[in-house]
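Below is protein24.txt, holding compact mmCIF, C-alpha atoms.
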# COMPACT_ATOMS: atom_id res chain seq x y z
CA MET A 639 135.19 -21.52 259.30
CA SER A 640 136.63 -18.82 261.52
CA GLN A 641 140.37 -18.20 261.67
CA GLU A 642 140.39 -19.19 265.33
CA ARG A 643 138.52 -22.44 264.72
CA SER A 644 140.72 -23.38 261.77
CA HIS A 645 143.70 -23.43 264.13
CA THR A 646 141.99 -25.44 266.86
CA PRO A 647 144.24 -28.42 267.62
CA LEU A 648 142.60 -31.78 267.08
CA LEU A 649 142.97 -34.44 269.74
CA LEU A 650 143.03 -38.17 269.15
CA GLU A 651 141.85 -41.29 270.92
CA THR A 652 142.82 -44.68 269.53
CA ILE A 653 140.56 -47.39 270.93
CA LYS A 654 140.84 -51.14 270.44
CA ILE A 655 137.72 -52.90 269.19
CA GLU A 656 137.88 -56.68 268.95
CA ASP A 657 134.89 -58.71 267.76
CA GLY A 658 132.51 -55.97 268.86
CA VAL A 659 134.14 -55.45 272.28
CA ILE A 660 135.39 -51.91 273.05
CA HIS A 661 138.49 -52.11 275.25
CA ASN A 662 139.33 -49.83 278.20
CA LEU A 663 136.70 -47.27 277.24
CA SER A 664 136.57 -45.74 280.72
CA TYR A 665 140.27 -44.81 280.54
CA HIS A 666 139.86 -43.24 277.11
CA GLN A 667 136.86 -41.31 278.40
CA LEU A 668 138.86 -39.99 281.36
CA ARG A 669 141.67 -38.80 279.09
CA CYS A 670 139.19 -37.23 276.68
CA ASN A 671 137.54 -35.33 279.56
CA LYS A 672 140.87 -34.17 280.96
CA SER A 673 142.25 -33.08 277.57
CA ARG A 674 139.13 -31.08 276.66
CA GLN A 675 139.19 -29.39 280.04
CA ILE A 676 142.87 -28.45 279.70
CA LEU A 677 142.64 -27.18 276.12
CA PHE A 678 139.15 -25.72 275.94
CA ASP A 679 138.04 -25.38 279.58
CA SER A 680 135.21 -27.78 278.68
CA HIS A 681 133.33 -29.19 281.65
CA ASP A 682 130.71 -31.10 279.70
CA VAL A 683 131.37 -34.70 278.61
CA LEU A 684 131.89 -35.85 275.05
CA ASP A 685 130.35 -39.29 275.53
CA LEU A 686 132.54 -41.66 273.53
CA SER A 687 130.30 -44.67 274.10
CA SER A 688 127.42 -42.97 272.31
CA CYS A 689 129.67 -42.12 269.34
CA ILE A 690 131.10 -45.58 268.70
CA GLU A 691 129.35 -48.19 266.54
CA ALA A 692 131.65 -51.13 267.07
CA PRO A 693 132.17 -53.54 264.15
CA LYS A 694 130.90 -56.97 265.21
CA THR A 695 133.82 -59.05 263.96
CA GLY A 696 137.52 -58.43 263.49
CA LEU A 697 140.21 -56.32 265.13
CA TYR A 698 139.91 -52.58 264.58
CA ARG A 699 141.63 -49.37 265.57
CA CYS A 700 138.84 -46.95 266.34
CA ARG A 701 140.33 -43.53 265.56
CA ILE A 702 138.41 -40.65 267.13
CA LEU A 703 139.36 -37.07 266.30
CA TYR A 704 137.86 -34.38 268.51
CA ALA A 705 138.27 -30.91 269.95
CA GLU A 706 135.48 -29.20 271.86
CA HIS A 707 133.16 -31.38 269.78
CA LEU A 708 133.46 -34.67 267.93
CA HIS A 709 135.24 -34.32 264.60
CA THR A 710 135.45 -37.76 262.95
CA ILE A 711 135.43 -41.48 263.77
CA GLU A 712 137.13 -44.13 261.66
CA TYR A 713 137.31 -47.91 262.08
CA ILE A 714 140.59 -49.13 260.63
CA PRO A 715 141.51 -52.84 260.41
CA TYR A 716 144.55 -53.29 262.64
CA THR A 717 147.85 -55.03 261.97
CA PRO A 718 150.47 -54.65 264.72
CA LYS A 719 153.85 -53.14 263.90
CA GLU A 720 156.74 -55.55 264.27
CA ILE A 721 159.45 -54.12 266.52
CA GLN A 722 162.77 -55.98 266.53
CA ARG A 723 165.25 -53.09 266.54
CA LEU A 724 165.04 -50.39 269.19
CA LYS A 725 167.39 -47.67 270.41
CA ILE A 726 167.49 -44.68 272.75
CA VAL A 727 167.58 -41.16 271.31
CA SER A 728 167.69 -37.84 273.13
CA SER A 729 165.01 -35.24 272.32
CA ASP A 730 163.16 -32.35 273.94
CA ILE A 731 159.94 -33.24 272.10
CA GLU A 732 156.62 -32.41 273.80
CA TYR A 733 153.51 -34.60 273.51
CA SER A 734 151.72 -34.37 276.85
CA LEU A 735 148.28 -34.46 275.21
CA LYS A 736 147.36 -36.97 272.51
CA TYR A 737 147.25 -34.60 269.56
CA ALA A 738 146.31 -35.82 266.09
CA ASP A 739 149.34 -33.94 264.78
CA ARG A 740 152.19 -36.41 265.19
CA ASP A 741 154.58 -34.76 262.73
CA ALA A 742 157.34 -34.20 265.29
CA LEU A 743 157.17 -37.80 266.52
CA ASN A 744 157.11 -39.17 262.97
CA ALA A 745 160.06 -36.98 261.98
CA LEU A 746 162.05 -38.21 264.98
CA LEU A 747 161.50 -41.83 264.02
CA GLU A 748 162.14 -41.10 260.35
CA SER A 749 165.54 -39.69 261.24
CA HIS A 750 166.55 -43.09 262.68
CA LYS A 751 165.89 -45.48 259.81
CA ASP A 752 168.24 -48.10 261.26
CA VAL A 753 165.64 -49.15 263.88
CA ASP A 754 161.93 -49.96 264.06
CA GLU A 755 161.30 -47.68 267.06
CA VAL A 756 163.10 -45.26 269.36
CA ILE A 757 162.93 -44.74 273.13
CA ILE A 758 162.94 -41.01 273.78
CA GLU A 759 165.27 -39.73 276.49
CA LYS A 760 164.39 -36.32 277.97
CA LYS A 761 166.53 -34.47 280.49
CA GLY A 762 168.46 -37.65 281.26
CA TYR A 763 165.41 -39.86 281.84
CA LEU A 764 163.68 -42.41 279.62
CA THR A 765 160.09 -41.62 278.61
CA ASP A 766 158.27 -43.41 275.77
CA THR A 767 158.64 -44.65 272.22
CA THR A 768 156.86 -42.70 269.48
CA ILE A 769 153.87 -45.08 269.66
CA SER A 770 153.84 -46.52 273.16
CA ASN A 771 154.68 -46.30 276.81
CA ILE A 772 157.51 -48.53 278.03
CA ALA A 773 158.28 -50.75 281.01
CA PHE A 774 161.29 -52.64 282.37
CA TYR A 775 161.44 -55.73 284.58
CA ASP A 776 163.88 -55.62 287.50
CA GLY A 777 163.51 -59.26 288.57
CA LYS A 778 160.66 -58.53 290.98
CA GLN A 779 158.32 -56.07 289.32
CA TRP A 780 157.64 -54.09 286.17
CA VAL A 781 158.49 -50.39 286.37
CA THR A 782 157.50 -47.62 283.96
CA PRO A 783 158.89 -44.09 283.60
CA ALA A 784 157.37 -41.81 286.23
CA GLU A 785 157.16 -38.95 283.73
CA PRO A 786 156.20 -40.38 280.33
CA LEU A 787 155.87 -38.36 277.18
CA LEU A 788 152.15 -39.21 277.19
CA GLU A 789 150.06 -40.81 279.93
CA GLY A 790 148.67 -43.76 278.01
CA THR A 791 145.42 -45.52 278.81
CA MET A 792 146.94 -49.02 279.08
CA ARG A 793 149.68 -47.63 281.31
CA ALA A 794 147.07 -46.00 283.57
CA LYS A 795 145.09 -49.24 283.77
CA LEU A 796 148.13 -51.36 284.67
CA ILE A 797 149.25 -48.86 287.33
CA ASP A 798 145.74 -48.88 288.85
CA GLU A 799 145.82 -52.69 288.91
CA GLY A 800 149.17 -52.66 290.75
CA PHE A 801 151.00 -54.43 287.92
CA LEU A 802 153.12 -51.40 286.93
CA HIS A 803 155.11 -49.15 289.26
CA PRO A 804 156.17 -45.63 288.19
CA LYS A 805 159.87 -44.90 288.65
CA GLU A 806 162.46 -42.52 287.25
CA ILE A 807 164.61 -44.56 284.87
CA LYS A 808 168.01 -43.57 283.50
CA LYS A 809 169.60 -45.41 280.58
CA GLU A 810 172.75 -45.86 282.67
CA ARG A 811 170.77 -48.21 284.93
CA LEU A 812 169.42 -50.48 282.17
CA GLN A 813 171.80 -53.28 283.13
CA ASN A 814 169.61 -53.66 286.24
CA TYR A 815 166.68 -54.82 284.10
CA SER A 816 166.17 -58.12 282.32
CA HIS A 817 163.25 -57.33 280.00
CA VAL A 818 161.66 -54.41 278.17
CA ALA A 819 158.01 -54.14 277.20
CA LEU A 820 155.90 -51.75 275.16
CA MET A 821 152.26 -50.92 275.84
CA ASN A 822 149.47 -49.01 274.20
CA ALA A 823 145.76 -49.34 273.60
CA MET A 824 146.18 -51.64 270.61
CA ILE A 825 149.05 -53.97 271.56
CA GLY A 826 148.21 -54.24 275.25
CA PHE A 827 151.40 -55.15 277.13
CA LYS A 828 154.01 -56.70 274.83
CA ILE A 829 157.37 -58.01 276.07
CA LEU A 830 160.05 -57.62 273.40
CA ASN A 831 162.77 -60.09 272.57
CA ILE A 832 165.35 -57.37 273.28
CA LYS A 833 167.58 -57.18 276.35
CA PRO A 834 167.60 -53.68 277.92
CA HIS A 835 171.43 -53.52 278.14
CA LYS A 836 171.56 -53.98 274.35
CA LEU A 837 169.86 -50.58 273.97
CA LEU A 838 172.97 -48.77 275.18

Would you mind writing the structure in this file as structure tokens?
Amino acid sequence: MSQERSHTPLLLETIKIEDGVIHNLSYHQLRCNKSRQILFDSHDVLDLSSCIEAPKTGLYRCRILYAEHLHTIEYIPYTPKEIQRLKIVSSDIEYSLKYADRDALNALLESHKDVDEVIIEKKGYLTDTTISNIAFYDGKQWVTPAEPLLEGTMRAKLIDEGFLHPKEIKKERLQNYSHVALMNAMIGFKILNIKPHKLL
């Protein structure tokens, strides 16, 4: 392995497979295409559908590692993480592409053992948790940070469907919202039993 190749960053797609059904594959494919083009100037397509052999029964997290080419695929039985304690922390962390290396995100969460997850505040605006995009309900519609840490596939789908509306969100305005929700490829859109003003 060449020195250059050994330092090639691996990218990650996490895809939900439920009883043989592959969820939101077109959105994962779009992100895969965009990420490979940004990092490697790749204009060919790494066809995810031809790589996946979906288990016929059960709920799985299909974990695809790739760079210019496919690296590995795993099918991992999925159990959702219970999130009952959440708080806002400030950080300048960068995660604009879905890298397999999550050490910085894991370290951030590890440094706040008093909660199950953290909402990351950057430059005065709320972004994401370490595992999901976020949304808040203002009494009329669900809004999601206009500039997330990572543009998630479920977030993209719900914006395209008109369910979610991007907006800059400051923690000082959380009293204007009645509910908070998390979303990612595996959990879908999950409303938490936590009031936004309690995050302050």

Report, in Å with one decimal, the straight-line distance from CA of Gly800 in chain A to CA of Pro718 in chain A.
26.1 Å

With all atoms listed in the file as the atoms that count, which of A:His709, A:Lys761, A:Arg699, A:His750 lies nearest to Ile731 in chain A?
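Distance minimum relative to Ile731 in chain A lands on A:Lys761.
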
Ranking A:Gln779, A:Ser749, A:Ser680, A:Gln675 by minimum distance to Leu735 in chain A and counting all atoms listed in the file, which one comes first?
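For Leu735 in chain A, the nearest of the candidates is A:Gln675.
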
In the coordinates of the file, take the point (168.6, -40.1, 287.8) and a cut-off of 12 Å; then, counting all atoms listed in the file, name each qualifying protein, DNA or RNA residue as number ranges by chain.
A: 759-764, 783-784, 805-812

All residues 10 Å or closer to range 701-707 of chain A, all atoms listed in the file, same chain fewer than 6 positions away omitted, as an MDAnalysis selection string
chainID A and resid 643 646:654 670 673:675 677:680 682:684 686 689:690 713:714 737:738

Have range 801-821 of chain A completed to N, CA and C atoms, please, and pass it along as a compact mmCIF listing (two decimals), in the coordinates of the input.
# COMPACT_ATOMS: atom_id res chain seq x y z
N PHE A 801 150.05 -53.65 288.72
CA PHE A 801 151.00 -54.43 287.92
C PHE A 801 152.24 -53.60 287.58
N LEU A 802 152.04 -52.31 287.31
CA LEU A 802 153.12 -51.40 286.93
C LEU A 802 153.42 -50.44 288.06
N HIS A 803 154.69 -50.06 288.19
CA HIS A 803 155.11 -49.15 289.26
C HIS A 803 155.92 -48.01 288.65
N PRO A 804 155.44 -46.77 288.74
CA PRO A 804 156.17 -45.63 288.19
C PRO A 804 157.51 -45.42 288.89
N LYS A 805 158.53 -45.10 288.11
CA LYS A 805 159.87 -44.90 288.65
C LYS A 805 160.69 -44.09 287.65
N GLU A 806 161.54 -43.22 288.14
CA GLU A 806 162.46 -42.52 287.25
C GLU A 806 163.52 -43.51 286.77
N ILE A 807 163.71 -43.56 285.45
CA ILE A 807 164.61 -44.56 284.87
C ILE A 807 165.64 -43.87 283.99
N LYS A 808 166.91 -44.08 284.30
CA LYS A 808 168.01 -43.57 283.50
C LYS A 808 168.59 -44.70 282.65
N LYS A 809 169.04 -44.36 281.45
CA LYS A 809 169.60 -45.41 280.58
C LYS A 809 170.83 -46.07 281.21
N GLU A 810 171.56 -45.31 282.04
CA GLU A 810 172.75 -45.86 282.67
C GLU A 810 172.44 -47.01 283.63
N ARG A 811 171.16 -47.15 284.00
CA ARG A 811 170.77 -48.21 284.93
C ARG A 811 170.13 -49.41 284.22
N LEU A 812 170.14 -49.42 282.90
CA LEU A 812 169.42 -50.48 282.17
C LEU A 812 169.99 -51.86 282.41
N GLN A 813 171.24 -51.95 282.84
CA GLN A 813 171.80 -53.28 283.13
C GLN A 813 171.12 -53.92 284.34
N ASN A 814 170.33 -53.13 285.08
CA ASN A 814 169.61 -53.66 286.24
C ASN A 814 168.29 -54.33 285.85
N TYR A 815 167.96 -54.27 284.56
CA TYR A 815 166.68 -54.82 284.10
C TYR A 815 166.90 -55.95 283.11
N SER A 816 166.00 -56.93 283.17
CA SER A 816 166.17 -58.12 282.32
C SER A 816 165.27 -58.11 281.08
N HIS A 817 164.17 -57.35 281.12
CA HIS A 817 163.25 -57.33 280.00
C HIS A 817 162.71 -55.92 279.77
N VAL A 818 162.33 -55.67 278.53
CA VAL A 818 161.66 -54.41 278.17
C VAL A 818 160.34 -54.74 277.50
N ALA A 819 159.32 -53.94 277.79
CA ALA A 819 158.01 -54.14 277.20
C ALA A 819 157.45 -52.82 276.70
N LEU A 820 156.62 -52.90 275.68
CA LEU A 820 155.90 -51.75 275.16
C LEU A 820 154.42 -51.93 275.46
N MET A 821 153.72 -50.81 275.61
CA MET A 821 152.26 -50.92 275.84
C MET A 821 151.55 -49.74 275.22
